[in-house]
Amino acid sequence: MTQPQPDPAWRAFKVQVDEQTGVATVTLGGTGAGNAMGGLVWSELPSVFAALDASPAARAVVLRGAGDCFSVGLDLRWYIPRYRRTVRSGEGSPEVRQRLLDEATWTQDAIAAVSASRLPVIGAVHGSCVGVGLELVAACDIRLASADAVFSLPEVRLGIVADLGVLQRLLRIVGAGHTRELALTGRDLSAAEARSMGLVTKVLATPDALFEEARGVAERIAGYPPQTVYGIKQMLETTQDMPLELGRRHAALWSAAFLPSPEFAEVLTAALRGDR
């Protein structure tokens, strides 16, 4: 049974949870054409994932865009007037700089709600995925794309340093060379090239095929024990910058704390019989 979004106050997102499969679909509608991302996105994104984390029915998430693309990026109709009001309120003053810092932190924290979720998040990208759209996708656990997907970090062309975490996340996803080249040139990146550098793990021919594949991946993950899936996410997130020996010890401590359960022996027995 598919449930509609539980919170009618959400306006930038549509959320559905399939209770039979455990797959939640979060569709970004944004605040403007092309799923542009304005204030409502940053306000609602943490509450969307907090609600899914608290839902016993949700076990994996597909994050996608509505309509013809994932997102064209920041909603400039929202941002430009907001920026001008902030700057004019006190040219160069410490208070203005603090407000700009607070706003950057606010949006950083909103995107971090995706990577911090207990649920695995599969980003399904079709069409344009620009600027803060790529910031959001980079926070997902797995990224898939359709052949028409185009990625870019155009901030350098606008005289801006991308500051919501994408530079740090891309370093870990595609490496320093690709990250520097994308950030410093601001060029468009095709789906095929994104696949070759590891930004996405698979490219599907059409958006429909993409969404079907993303649901299939999410269903497969949702069929595994939730505590195990969450443990894998935790290990990947918390140990990626640790020295090898420290990361191994951290993983061992996690297993010692959460592995013991009556069900574990049953799972192993089933695997031995070939039931799974």
# chains A, B, ... in the order shown; residues from 1 in each chain; ligands from 1
$ residues_around --residues "Val125 (chain A)" --least-positions-apart "3" --cutoff "9 Å" --atoms "only C-alpha atoms" --output "list in words"
Leu63, Arg64, Gly65, Cys69, Phe70, Ser71, Ser128, Cys129, Val137, Arg143, Leu144, Ala145, Ser146, Ala149, Val150, Pro207, Leu210 and Phe211 of chain A
$ write_last_selection --atoms "all heavy atoms" --output "compact mmCIF listing (two decimals), in the first residue's frame"
# COMPACT_ATOMS: atom_id res chain seq x y z
N LEU A 63 15.47 9.49 -4.14
CA LEU A 63 15.36 10.94 -4.24
C LEU A 63 15.46 11.33 -5.71
O LEU A 63 16.44 11.02 -6.37
CB LEU A 63 16.48 11.60 -3.44
CG LEU A 63 16.57 13.13 -3.49
CD1 LEU A 63 15.31 13.77 -2.93
CD2 LEU A 63 17.80 13.61 -2.71
N ARG A 64 14.45 12.01 -6.22
CA ARG A 64 14.39 12.36 -7.63
C ARG A 64 13.79 13.76 -7.79
O ARG A 64 13.31 14.36 -6.83
CB ARG A 64 13.54 11.34 -8.40
CG ARG A 64 12.14 11.15 -7.83
CD ARG A 64 11.19 10.51 -8.80
NE ARG A 64 10.89 11.40 -9.91
CZ ARG A 64 10.05 11.08 -10.91
NH1 ARG A 64 9.46 9.90 -10.92
NH2 ARG A 64 9.82 11.93 -11.89
N GLY A 65 13.82 14.25 -9.01
CA GLY A 65 13.19 15.53 -9.32
C GLY A 65 11.87 15.33 -10.05
O GLY A 65 11.66 14.31 -10.71
N CYS A 69 13.56 17.30 -15.08
CA CYS A 69 14.94 17.32 -14.61
C CYS A 69 15.01 17.08 -13.11
O CYS A 69 13.98 17.03 -12.43
CB CYS A 69 15.62 18.64 -14.97
SG CYS A 69 15.00 20.07 -14.05
N PHE A 70 16.24 16.96 -12.61
CA PHE A 70 16.43 16.86 -11.16
C PHE A 70 16.31 18.25 -10.55
O PHE A 70 15.41 18.52 -9.76
CB PHE A 70 17.78 16.24 -10.84
CG PHE A 70 17.96 16.00 -9.37
CD1 PHE A 70 17.44 14.87 -8.77
CD2 PHE A 70 18.64 16.91 -8.58
CE1 PHE A 70 17.58 14.65 -7.41
CE2 PHE A 70 18.79 16.71 -7.22
CZ PHE A 70 18.25 15.58 -6.63
N SER A 71 17.20 19.16 -10.92
CA SER A 71 17.09 20.55 -10.45
C SER A 71 18.04 21.44 -11.25
O SER A 71 19.19 21.07 -11.51
CB SER A 71 17.44 20.67 -8.97
OG SER A 71 17.43 22.04 -8.56
N SER A 128 18.77 18.17 -16.10
CA SER A 128 19.76 19.05 -15.47
C SER A 128 19.92 18.75 -13.99
O SER A 128 18.95 18.53 -13.26
CB SER A 128 19.34 20.51 -15.64
OG SER A 128 19.29 20.87 -17.00
N CYS A 129 21.18 18.77 -13.55
CA CYS A 129 21.51 18.66 -12.13
C CYS A 129 22.62 19.67 -11.89
O CYS A 129 23.81 19.37 -12.06
CB CYS A 129 21.94 17.24 -11.78
SG CYS A 129 22.30 17.00 -10.02
N VAL A 137 22.63 15.87 -4.60
CA VAL A 137 22.88 14.53 -5.11
C VAL A 137 24.16 13.93 -4.52
O VAL A 137 24.23 12.74 -4.23
CB VAL A 137 22.96 14.55 -6.65
CG1 VAL A 137 23.54 13.27 -7.20
CG2 VAL A 137 21.57 14.78 -7.24
N ARG A 143 24.20 6.97 -6.54
CA ARG A 143 23.70 7.88 -7.57
C ARG A 143 23.56 7.13 -8.88
O ARG A 143 24.50 6.46 -9.33
CB ARG A 143 24.65 9.07 -7.74
CG ARG A 143 24.58 10.10 -6.63
CD ARG A 143 25.84 10.96 -6.56
NE ARG A 143 27.00 10.13 -6.25
CZ ARG A 143 27.32 9.74 -5.01
NH1 ARG A 143 26.58 10.11 -3.99
NH2 ARG A 143 28.38 8.98 -4.81
N LEU A 144 22.38 7.24 -9.49
CA LEU A 144 22.10 6.67 -10.81
C LEU A 144 21.66 7.82 -11.71
O LEU A 144 21.19 8.85 -11.23
CB LEU A 144 21.00 5.62 -10.72
CG LEU A 144 21.16 4.50 -9.69
CD1 LEU A 144 19.91 3.64 -9.63
CD2 LEU A 144 22.38 3.64 -10.02
N ALA A 145 21.78 7.64 -13.03
CA ALA A 145 21.39 8.70 -13.95
C ALA A 145 20.77 8.11 -15.20
O ALA A 145 21.04 6.96 -15.57
CB ALA A 145 22.60 9.56 -14.32
N SER A 146 19.97 8.92 -15.88
CA SER A 146 19.52 8.57 -17.23
C SER A 146 20.48 9.23 -18.22
O SER A 146 21.24 10.14 -17.88
CB SER A 146 18.08 9.06 -17.46
OG SER A 146 17.97 10.44 -17.22
N ALA A 149 21.00 13.04 -18.50
CA ALA A 149 21.42 13.83 -17.35
C ALA A 149 22.65 14.67 -17.68
O ALA A 149 23.56 14.23 -18.40
CB ALA A 149 21.73 12.91 -16.17
N VAL A 150 22.68 15.89 -17.14
CA VAL A 150 23.82 16.79 -17.30
C VAL A 150 24.12 17.40 -15.93
O VAL A 150 23.24 17.98 -15.29
CB VAL A 150 23.53 17.92 -18.30
CG1 VAL A 150 24.73 18.87 -18.40
CG2 VAL A 150 23.19 17.35 -19.67
N PRO A 207 14.58 8.26 -18.59
CA PRO A 207 14.17 8.53 -17.21
C PRO A 207 13.28 7.44 -16.63
O PRO A 207 13.43 7.08 -15.45
CB PRO A 207 13.42 9.87 -17.34
CG PRO A 207 14.08 10.55 -18.49
CD PRO A 207 14.38 9.44 -19.47
N LEU A 210 15.40 4.72 -15.58
CA LEU A 210 16.15 5.17 -14.41
C LEU A 210 15.33 4.98 -13.14
O LEU A 210 15.82 4.42 -12.15
CB LEU A 210 16.53 6.64 -14.58
CG LEU A 210 16.98 7.37 -13.31
CD1 LEU A 210 18.32 6.85 -12.82
CD2 LEU A 210 17.04 8.88 -13.57
N PHE A 211 14.10 5.46 -13.15
CA PHE A 211 13.29 5.39 -11.94
C PHE A 211 12.95 3.95 -11.58
O PHE A 211 12.90 3.58 -10.40
CB PHE A 211 12.02 6.22 -12.11
CG PHE A 211 12.29 7.67 -12.43
CD1 PHE A 211 11.54 8.35 -13.37
CD2 PHE A 211 13.32 8.35 -11.79
CE1 PHE A 211 11.81 9.68 -13.68
CE2 PHE A 211 13.60 9.68 -12.09
CZ PHE A 211 12.84 10.35 -13.03
$ closest_atom_pairs --of "region 92-119 of chain A" --to "region 42-60 of chain A" --cutoff "12 Å" --atoms "only C-alpha atoms" --output "CSV"
residue,atom,partner,partner_atom,distance
A:Glu103,CA,A:Trp42,CA,10.0
A:Ala104,CA,A:Trp42,CA,10.5
A:Thr105,CA,A:Trp42,CA,10.7
A:Trp106,CA,A:Trp42,CA,7.5
A:Thr107,CA,A:Trp42,CA,5.7
A:Gln108,CA,A:Trp42,CA,8.8
A:Asp109,CA,A:Pro46,CA,8.0
A:Ala110,CA,A:Pro46,CA,5.4
A:Ile111,CA,A:Leu45,CA,7.4
A:Ala112,CA,A:Pro46,CA,8.3
A:Ala113,CA,A:Pro46,CA,5.3
A:Val114,CA,A:Phe49,CA,6.8
A:Ser115,CA,A:Phe49,CA,9.9
A:Ala116,CA,A:Phe49,CA,9.0
A:Ser117,CA,A:Asp53,CA,6.5
A:Arg118,CA,A:Asp53,CA,6.1
A:Leu119,CA,A:Ala60,CA,5.3
$ atom_distance --atom1 "CA of Thr179 (chain A)" --atom2 "CA of Val166 (chain A)"
9.3 Å
$ residues_around --residues "Gly131 (chain A)" --least-positions-apart "2" --cutoff "8 Å" --atoms "only C-alpha atoms" --output "list in words"
Val72, Gly73, Leu74, Cys129, Gly133, Leu134, Glu135, Ser152, Leu153, Pro154, Glu155 and Ala162 of chain A
$ closest_residue --among "A:Trp10, A:Cys140, A:Gly29, A:Pro225" --to "Pro120 (chain A)" --atoms "only C-alpha atoms"
A:Cys140
